[in-house]
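> Coordinates in input14.txt, compact mmCIF, C-alpha atoms and all ligand atoms, are listed below.
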# COMPACT_ATOMS: atom_id res chain seq x y z
CA MET A 1076 10.25 12.07 -7.33
CA SER A 1077 12.74 10.10 -5.34
CA ALA A 1078 11.62 7.71 -2.63
CA SER A 1079 14.15 5.80 -0.62
CA SER A 1080 13.80 3.40 2.24
CA SER A 1081 17.34 3.11 3.37
CA GLY A 1082 19.36 1.96 6.30
CA PRO A 1083 19.62 3.05 9.90
CA LEU A 1084 17.98 6.16 11.30
CA LEU A 1085 20.89 8.54 11.19
CA SER A 1086 18.99 11.76 11.67
CA ASP A 1087 15.95 12.81 13.59
CA HIS A 1088 13.53 12.79 10.68
CA VAL A 1089 12.04 9.60 9.33
CA LEU A 1090 10.08 11.26 6.57
CA SER A 1091 10.70 14.44 4.66
CA ALA A 1092 8.67 15.52 1.65
CA SER A 1093 9.07 18.80 -0.19
CA GLN A 1094 7.52 20.64 -3.13
CA VAL A 1095 4.92 17.93 -3.66
CA SER A 1096 2.43 18.81 -6.40
CA LYS A 1097 -0.39 16.78 -7.87
CA ALA A 1098 -3.23 17.61 -10.24
CA TYR A 1099 -6.00 15.28 -11.32
CA ARG A 1100 -7.33 15.63 -14.84
CA GLN A 1101 -11.07 15.31 -15.06
CA GLY A 1102 -13.69 15.15 -17.80
CA VAL A 1103 -13.31 14.78 -21.55
CA TRP A 1104 -12.43 17.37 -24.20
CA PRO A 1105 -13.64 20.13 -24.57
CA PHE A 1106 -14.73 20.06 -20.91
CA ARG A 1107 -11.44 18.69 -19.64
CA ARG A 1108 -10.13 20.46 -16.53
CA ARG A 1109 -7.29 20.22 -14.08
CA ASN A 1110 -7.88 19.96 -10.37
CA GLN A 1111 -4.65 21.11 -8.71
CA VAL A 1112 -4.93 19.29 -5.38
CA LEU A 1113 -1.37 19.69 -4.08
CA ASP A 1114 0.77 22.68 -4.97
CA GLY A 1115 4.21 22.51 -3.39
CA ALA A 1116 3.24 20.78 -0.12
CA ALA A 1117 5.98 19.95 2.37
CA VAL A 1118 5.85 17.73 5.45
CA THR A 1119 8.44 16.39 7.86
CA LEU A 1120 7.96 13.65 10.44
CA HIS A 1121 10.42 13.05 13.26
CA ARG A 1122 11.25 10.01 15.38
CA GLY A 1123 8.92 9.66 18.35
CA GLU A 1124 6.38 12.05 16.87
CA VAL A 1125 2.64 11.70 16.37
CA LEU A 1126 1.73 14.19 13.67
CA GLY A 1127 -1.83 15.12 12.70
CA LEU A 1128 -2.75 15.91 9.10
CA VAL A 1129 -5.96 17.92 8.92
CA GLY A 1130 -7.89 19.91 6.32
CA GLU A 1131 -11.31 20.29 4.78
CA ASN A 1132 -12.95 17.47 2.84
CA GLY A 1133 -11.26 17.27 -0.54
CA SER A 1134 -8.22 19.30 0.52
CA GLY A 1135 -5.89 16.48 -0.57
CA LYS A 1136 -4.98 14.65 2.67
CA SER A 1137 -5.46 11.14 1.25
CA THR A 1138 -3.73 12.15 -1.97
CA LEU A 1139 -0.71 13.41 -0.02
CA MET A 1140 -0.60 10.26 2.11
CA GLN A 1141 -0.79 8.02 -0.96
CA ILE A 1142 2.16 9.93 -2.42
CA LEU A 1143 4.11 9.62 0.84
CA VAL A 1144 3.63 5.84 0.93
CA GLY A 1145 4.51 5.52 -2.77
CA LEU A 1146 1.10 4.44 -4.07
CA LEU A 1147 0.63 7.55 -6.19
CA THR A 1148 3.19 9.37 -8.31
CA PRO A 1149 3.27 13.13 -7.82
CA ASP A 1150 3.72 15.57 -10.71
CA ALA A 1151 6.65 17.08 -8.82
CA GLY A 1152 8.37 16.80 -5.48
CA GLU A 1153 10.69 14.70 -3.37
CA VAL A 1154 9.87 12.12 -0.71
CA ASP A 1155 12.62 10.81 1.56
CA LEU A 1156 11.56 7.89 3.77
CA ARG A 1157 13.93 6.49 6.36
CA GLY A 1158 12.65 3.28 7.85
CA SER A 1159 10.01 0.63 7.41
CA LEU A 1160 6.48 1.71 6.63
CA GLY A 1161 2.98 0.63 7.62
CA TYR A 1162 -0.04 2.13 5.84
CA CYS A 1163 -3.67 1.96 6.85
CA PRO A 1164 -5.83 3.16 3.93
CA GLN A 1165 -9.15 4.94 4.44
CA ARG A 1166 -11.01 2.02 2.85
CA PRO A 1167 -9.84 -1.34 4.19
CA VAL A 1168 -8.12 -3.52 1.60
CA VAL A 1169 -9.13 -7.00 2.71
CA PHE A 1170 -10.21 -10.25 1.15
CA ASP A 1171 -13.90 -10.94 1.82
CA ARG A 1172 -13.54 -14.71 2.20
CA LEU A 1173 -10.47 -14.72 4.45
CA THR A 1174 -10.76 -14.72 8.23
CA CYS A 1175 -8.85 -12.31 10.49
CA ASP A 1176 -6.34 -15.07 11.29
CA GLU A 1177 -5.85 -15.80 7.60
CA HIS A 1178 -5.23 -12.10 6.90
CA PHE A 1179 -2.50 -12.04 9.55
CA GLU A 1180 -0.91 -15.16 8.03
CA LEU A 1181 -0.99 -13.71 4.52
CA PHE A 1182 0.31 -10.28 5.52
CA GLY A 1183 2.97 -11.88 7.73
CA VAL A 1184 4.37 -13.68 4.69
CA ALA A 1185 4.15 -10.51 2.59
CA TYR A 1186 6.07 -8.54 5.25
CA GLY A 1187 8.70 -11.30 5.47
CA LEU A 1188 8.04 -12.04 9.16
CA THR A 1189 8.90 -15.43 10.64
CA ARG A 1190 5.94 -17.46 11.85
CA GLU A 1191 6.97 -16.76 15.46
CA GLU A 1192 7.30 -12.98 14.91
CA ARG A 1193 3.95 -12.89 13.20
CA ARG A 1194 2.22 -14.94 15.92
CA ARG A 1195 3.60 -12.73 18.69
CA SER A 1196 2.61 -9.49 16.99
CA GLN A 1197 -0.81 -10.89 16.01
CA ALA A 1198 -1.54 -11.94 19.61
CA GLU A 1199 -0.54 -8.51 20.92
CA LEU A 1200 -2.72 -6.72 18.39
CA TYR A 1201 -5.75 -8.93 19.12
CA GLU A 1202 -5.25 -8.11 22.80
CA GLU A 1203 -4.52 -4.39 22.41
CA LEU A 1204 -7.44 -3.78 20.06
CA ASP A 1205 -9.68 -6.35 21.76
CA PHE A 1206 -10.91 -8.38 18.79
CA ALA A 1207 -9.50 -11.89 19.38
CA ARG A 1208 -13.06 -13.27 19.47
CA TYR A 1209 -13.34 -12.50 15.73
CA ALA A 1210 -10.16 -14.39 14.81
CA GLY A 1211 -12.05 -17.04 12.84
CA MET A 1212 -14.64 -14.75 11.23
CA ARG A 1213 -14.55 -13.89 7.52
CA ALA A 1214 -13.88 -10.26 6.64
CA ASP A 1215 -17.23 -9.85 4.88
CA ARG A 1216 -19.04 -10.79 8.12
CA LEU A 1217 -17.20 -8.31 10.36
CA SER A 1218 -18.86 -5.14 11.64
CA GLY A 1219 -17.49 -1.83 10.32
CA GLY A 1220 -15.62 -1.14 13.56
CA THR A 1221 -14.03 -4.60 13.71
CA LEU A 1222 -13.03 -4.29 10.06
CA ALA A 1223 -11.36 -0.98 10.94
CA LYS A 1224 -9.48 -2.78 13.76
CA LEU A 1225 -8.28 -5.45 11.32
CA ASN A 1226 -7.22 -2.74 8.84
CA LEU A 1227 -5.19 -0.97 11.53
CA ALA A 1228 -3.74 -4.20 12.92
CA LEU A 1229 -2.52 -5.29 9.47
CA ALA A 1230 -0.65 -2.00 9.08
CA MET A 1231 0.90 -2.46 12.53
CA LEU A 1232 1.75 -6.16 12.18
CA PRO A 1233 5.47 -5.68 11.31
CA ASP A 1234 5.87 -2.94 13.96
CA PRO A 1235 7.01 -0.40 11.36
CA ASP A 1236 9.19 2.66 12.09
CA ILE A 1237 6.63 4.89 10.39
CA LEU A 1238 2.90 4.35 10.58
CA MET A 1239 0.59 6.25 8.20
CA LEU A 1240 -3.08 6.12 9.08
CA ASP A 1241 -5.87 7.57 6.95
CA GLU A 1242 -8.79 8.22 9.33
CA PRO A 1243 -8.12 4.98 11.20
CA TYR A 1244 -10.77 5.25 13.89
CA ALA A 1245 -13.84 6.43 11.99
CA GLY A 1246 -15.77 3.29 13.05
CA PHE A 1247 -14.31 2.83 16.55
CA ASP A 1248 -16.35 2.91 19.73
CA TRP A 1249 -15.06 4.96 22.66
CA ASP A 1250 -13.21 2.09 24.34
CA THR A 1251 -11.37 1.27 21.11
CA TYR A 1252 -10.63 4.93 20.48
CA VAL A 1253 -8.97 5.14 23.92
CA ARG A 1254 -7.04 1.90 23.24
CA PHE A 1255 -5.93 3.36 19.92
CA TRP A 1256 -4.41 6.42 21.59
CA ASP A 1257 -2.71 4.23 24.23
CA LEU A 1258 -1.12 2.28 21.38
CA MET A 1259 0.04 5.48 19.66
CA GLY A 1260 1.47 6.70 22.98
CA ARG A 1261 3.55 3.55 23.27
CA ARG A 1262 4.81 3.96 19.71
CA ARG A 1263 5.82 7.53 20.50
CA ALA A 1264 7.65 6.40 23.65
CA SER A 1265 9.61 3.79 21.67
CA GLY A 1266 10.76 6.37 19.12
CA ARG A 1267 8.45 5.27 16.32
CA ALA A 1268 6.60 7.86 14.24
CA VAL A 1269 2.94 8.17 13.28
CA LEU A 1270 1.15 10.36 10.74
CA VAL A 1271 -2.62 10.41 11.22
CA ILE A 1272 -5.29 11.99 9.02
CA SER A 1273 -7.98 13.24 11.35
CA HIS A 1274 -11.24 15.18 11.30
CA PHE A 1275 -11.80 15.31 15.05
CA ILE A 1276 -11.16 18.66 16.70
CA ALA A 1277 -11.01 16.71 19.97
CA ASP A 1278 -7.90 14.90 18.72
CA GLU A 1279 -5.87 18.04 18.35
CA GLU A 1280 -4.40 17.95 21.83
CA ARG A 1281 -3.29 14.36 21.32
CA PHE A 1282 -0.94 15.28 18.49
CA ASP A 1283 2.61 16.55 18.97
CA ARG A 1284 2.16 18.81 15.94
CA ILE A 1285 -0.58 19.45 13.43
CA VAL A 1286 -0.18 20.20 9.75
CA GLN A 1287 -3.14 21.64 7.86
CA LEU A 1288 -3.61 21.29 4.13
CA THR A 1289 -4.95 24.49 2.61
CA ALA A 1290 -4.95 25.44 -1.08
CA GLY A 1291 -2.54 22.62 -1.86
CA LYS A 1292 0.03 23.62 0.75
CA ALA A 1293 0.79 22.14 4.16
CA VAL A 1294 0.86 24.72 6.91
CA GLU A 1295 1.79 24.04 10.52
CA LYS A 1296 -1.03 24.93 12.91
N1 LIG A 1301 -8.39 9.35 -8.53
C1 LIG A 1301 -8.87 10.59 -8.58
N2 LIG A 1301 -9.22 11.13 -9.77
C2 LIG A 1301 -9.70 12.40 -9.84
N3 LIG A 1301 -9.87 13.20 -8.76
C3 LIG A 1301 -9.54 12.70 -7.56
C4 LIG A 1301 -9.04 11.37 -7.40
N4 LIG A 1301 -8.78 11.16 -6.07
C5 LIG A 1301 -9.12 12.30 -5.44
N5 LIG A 1301 -9.58 13.21 -6.33
C6 LIG A 1301 -10.01 14.59 -6.01
O1 LIG A 1301 -8.92 15.22 -5.37
C7 LIG A 1301 -9.38 16.07 -4.32
C8 LIG A 1301 -8.67 15.64 -3.02
O2 LIG A 1301 -9.13 14.35 -2.64
P1 LIG A 1301 -8.58 13.62 -1.33
O3 LIG A 1301 -9.32 12.34 -1.20
O4 LIG A 1301 -7.10 13.58 -1.39
O5 LIG A 1301 -9.01 14.66 -0.19
P2 LIG A 1301 -9.14 14.47 1.38
O6 LIG A 1301 -8.64 15.73 2.00
O7 LIG A 1301 -8.50 13.19 1.79
O8 LIG A 1301 -10.72 14.37 1.53
P3 LIG A 1301 -11.66 13.76 2.72
O9 LIG A 1301 -11.45 14.60 3.94
O10 LIG A 1301 -13.04 13.91 2.16
O11 LIG A 1301 -11.27 12.31 2.91
C9 LIG A 1301 -10.88 15.93 -4.30
O12 LIG A 1301 -11.42 17.02 -5.04
C10 LIG A 1301 -11.14 14.63 -5.01
O13 LIG A 1301 -12.37 14.65 -5.66
Could you express the structure from this file as structure tokens?


Amino acid sequence: MSASSSGPLLSDHVLSASQVSKAYRQGVWPFRRRNQVLDGAAVTLHRGEVLGLVGENGSGKSTLMQILVGLLTPDAGEVDLRGSLGYCPQRPVVFDRLTCDEHFELFGVAYGLTREERRRSQAELYEELDFARYAGMRADRLSGGTLAKLNLALAMLPDPDILMLDEPYAGFDWDTYVRFWDLMGRRRASGRAVLVISHFIADEERFDRIVQLTAGKAVEK
């Protein structure tokens, strides 16, 4: 696998993955078996595109996304990333005892943002996702929906070129769901790209394109 995160956006695609294969090995001998989850999957994401990744439960959507962001090594395949990346995992990775504000501070340092950049982006995200009133609350006291907002906001904090979201709005109420799509619309308009794993049929018209994972391959719908 080769994964690069290089330089200016010279071509239209910000992400291109081809021939991606991954099998999980399960059980112990003599009952050991291979679960071939991805079998030569390919996906391309362009500037200013909001792409939906759909498929049945267990079809390998999260596995593919983890490979695309570099968290998981595939058995075979190439991933070419062109630009900065933000990733929102299906299960929020947060620190129970830290408040929302403290998460922004910590992630701001990790992303290499200046204090001013981080403060500006943080204030916008509180406003856009409407959760400023929880700024001082610890993560382990947040409701599921507010935790999902924090998870999304942390991925968006550095305003990345490519945003990868694994079922980001499972816990959102309707108002937040609408705000979410407004935000994605603005990213599209500014030439940023988004890949979203979704289960909602109702979302389909909101995507520019949809790729479906079936039998380990990604097929355009
Ligand atoms: N770490 C792992 N070890 C072994 N098997 C795994 C592991 N992670 C996922 N799997 C298996 O790989 C298959 C694909 O899982 P994955 O989570 O990628 O699917 P998904 O399409 O995202 O599912 P869902 O829609 O339920 O979120 C499933 O059969 C799952 O049990």

> Show me, as number ranges by chain, the residues that have an atom within 12 Å of Arg1195 of chain A when counting all atoms listed in the file, minus same-chain residues fewer than 3 positions from it.

A: 1179-1180, 1183, 1188-1192, 1198-1202, 1232-1234

> With segment 1154-1175 of chain A as the partner and 8 Å as the cut-off, tabulate the residues of segment 1186-1248 of chain A that qualify, each row holding the nearest pair of atoms and their distance in Å to one decimal, using only C-alpha atoms, sorted by chain and rising number, as JSON lines.


{"residue": "A:Tyr1209", "atom": "CA", "partner": "A:Cys1175", "partner_atom": "CA", "distance": 6.9}
{"residue": "A:Ala1210", "atom": "CA", "partner": "A:Cys1175", "partner_atom": "CA", "distance": 5.0}
{"residue": "A:Gly1211", "atom": "CA", "partner": "A:Thr1174", "partner_atom": "CA", "distance": 5.3}
{"residue": "A:Met1212", "atom": "CA", "partner": "A:Thr1174", "partner_atom": "CA", "distance": 4.9}
{"residue": "A:Arg1213", "atom": "CA", "partner": "A:Thr1174", "partner_atom": "CA", "distance": 3.9}
{"residue": "A:Ala1214", "atom": "CA", "partner": "A:Asp1171", "partner_atom": "CA", "distance": 4.9}
{"residue": "A:Asp1215", "atom": "CA", "partner": "A:Asp1171", "partner_atom": "CA", "distance": 4.7}
{"residue": "A:Leu1222", "atom": "CA", "partner": "A:Pro1167", "partner_atom": "CA", "distance": 7.3}
{"residue": "A:Ala1223", "atom": "CA", "partner": "A:Pro1167", "partner_atom": "CA", "distance": 6.9}
{"residue": "A:Leu1225", "atom": "CA", "partner": "A:Cys1175", "partner_atom": "CA", "distance": 6.9}
{"residue": "A:Asn1226", "atom": "CA", "partner": "A:Pro1167", "partner_atom": "CA", "distance": 5.5}
{"residue": "A:Leu1227", "atom": "CA", "partner": "A:Cys1163", "partner_atom": "CA", "distance": 5.7}
{"residue": "A:Leu1229", "atom": "CA", "partner": "A:Cys1163", "partner_atom": "CA", "distance": 7.8}
{"residue": "A:Ala1230", "atom": "CA", "partner": "A:Gly1161", "partner_atom": "CA", "distance": 4.7}
{"residue": "A:Met1231", "atom": "CA", "partner": "A:Gly1161", "partner_atom": "CA", "distance": 6.2}
{"residue": "A:Pro1233", "atom": "CA", "partner": "A:Gly1161", "partner_atom": "CA", "distance": 7.7}
{"residue": "A:Asp1234", "atom": "CA", "partner": "A:Gly1161", "partner_atom": "CA", "distance": 7.8}
{"residue": "A:Pro1235", "atom": "CA", "partner": "A:Ser1159", "partner_atom": "CA", "distance": 5.1}
{"residue": "A:Asp1236", "atom": "CA", "partner": "A:Ser1159", "partner_atom": "CA", "distance": 5.2}
{"residue": "A:Ile1237", "atom": "CA", "partner": "A:Leu1160", "partner_atom": "CA", "distance": 4.9}
{"residue": "A:Leu1238", "atom": "CA", "partner": "A:Gly1161", "partner_atom": "CA", "distance": 4.8}
{"residue": "A:Met1239", "atom": "CA", "partner": "A:Tyr1162", "partner_atom": "CA", "distance": 4.8}
{"residue": "A:Leu1240", "atom": "CA", "partner": "A:Cys1163", "partner_atom": "CA", "distance": 4.8}
{"residue": "A:Asp1241", "atom": "CA", "partner": "A:Gln1165", "partner_atom": "CA", "distance": 4.9}
{"residue": "A:Glu1242", "atom": "CA", "partner": "A:Gln1165", "partner_atom": "CA", "distance": 5.9}
{"residue": "A:Pro1243", "atom": "CA", "partner": "A:Gln1165", "partner_atom": "CA", "distance": 6.8}

> Produce as a PyMOL selection string the set of residues near ligand LIG 1301 (chain A), where near means within 6 Å with only C-alpha atoms and all ligand atoms considered.

chain A and resi 1099+1112+1131-1138

> Pull the closest atom pair for each residue of segment 1108-1219 of chain A that gets at most 8 Å from segment 1252-1262 of chain A, along with the distance in Å to one decimal, counting all atoms listed in the file, ordering rows by chain and then ascending residue number, as a tab-separated table.


residue	atom	partner	partner_atom	distance
A:Gly1123	CA	A:Arg1262	CA	7.2
A:Val1125	CA	A:Met1259	CA	7.5
A:Glu1203	CA	A:Arg1254	CA	6.8
A:Leu1204	CA	A:Arg1254	CA	6.5

> Based on the selection just made, write C-alpha atoms of those residues as a PDB file, in the frame of the given file.


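Saved to part.pdb:
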ATOM      1  CA  GLY A1123       8.920   9.660  18.350  1.00  0.00           C
ATOM      2  CA  VAL A1125       2.640  11.700  16.370  1.00  0.00           C
ATOM      3  CA  GLU A1203      -4.520  -4.390  22.410  1.00  0.00           C
ATOM      4  CA  LEU A1204      -7.440  -3.780  20.060  1.00  0.00           C
TER       5      LEU A1204
END

> Calculate how many Å separate atom CA of Arg1109 of chain A from atom CA of Asp1150 of chain A, rounding to one decimal.

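About the pair atom CA of Arg1109 of chain A and atom CA of Asp1150 of chain A: they are 12.4 Å apart.
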
> Which value, in Å to one decimal, gives the distance between atom CA of Ala1098 of chain A and atom CA of Thr1119 of chain A?

21.6 Å

> Which of these residues is nearest to Arg1267 of chain A, using only C-alpha atoms: A:Lys1296, A:His1178, A:His1088, A:Lys1097?

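Ranking A:Lys1296, A:His1178, A:His1088, A:Lys1097 by distance to Arg1267 of chain A, first place goes to A:His1088.
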
> Find the residue from A:Thr1251, A:Arg1208, A:Ala1268, A:Gly1115 that sits nearest to Val1089 of chain A; use all atoms listed in the file when measuring.

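Checking each of A:Thr1251, A:Arg1208, A:Ala1268, A:Gly1115 against Val1089 of chain A, counting all atoms listed in the file, the winner is A:Ala1268.
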
> Which of these residues is nearest to Leu1090 of chain A, using all atoms listed in the file: A:Asp1250, A:Val1269, A:Ser1218, A:Gly1102?

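Once distances to Leu1090 of chain A are computed over all atoms listed in the file, the minimum belongs to A:Val1269.
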
> Quick one, how far is atom CA of Ala1264 of chain A from atom CA of Lys1224 of chain A?

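It comes out at 21.8 Å.
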
> Near Val1095 of chain A, counting only C-alpha atoms, which residues have an atom at most 8 Å away, once you skip same-chain residues fewer than 5 positions from it, shown as a PyMOL selection string?

chain A and resi 1113-1117+1149-1153

> Could the centre and edge lengths of an axis-aligned box, enclosing all atoms of segment 1114-1127 of chain A in the file with 3 Å extra on each side, be given in Å to one decimal as lines of an AutoDock Vina configuration file?


center_x = 4.7
center_y = 16.2
center_z = 6.7
size_x = 19.1
size_y = 19.0
size_z = 29.3

> Given all atoms listed in the file as the basis, pick out the residue of A:Ala1228, A:Val1286, A:Ala1207, A:Ala1092 nearest to Tyr1244 of chain A.

A:Ala1228

> Counting all atoms listed in the file, which of A:Thr1221, A:Ile1285, A:Glu1177, A:Ile1272 gets nearest to Met1140 of chain A?

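Smallest separation from Met1140 of chain A among the options: A:Ile1272.
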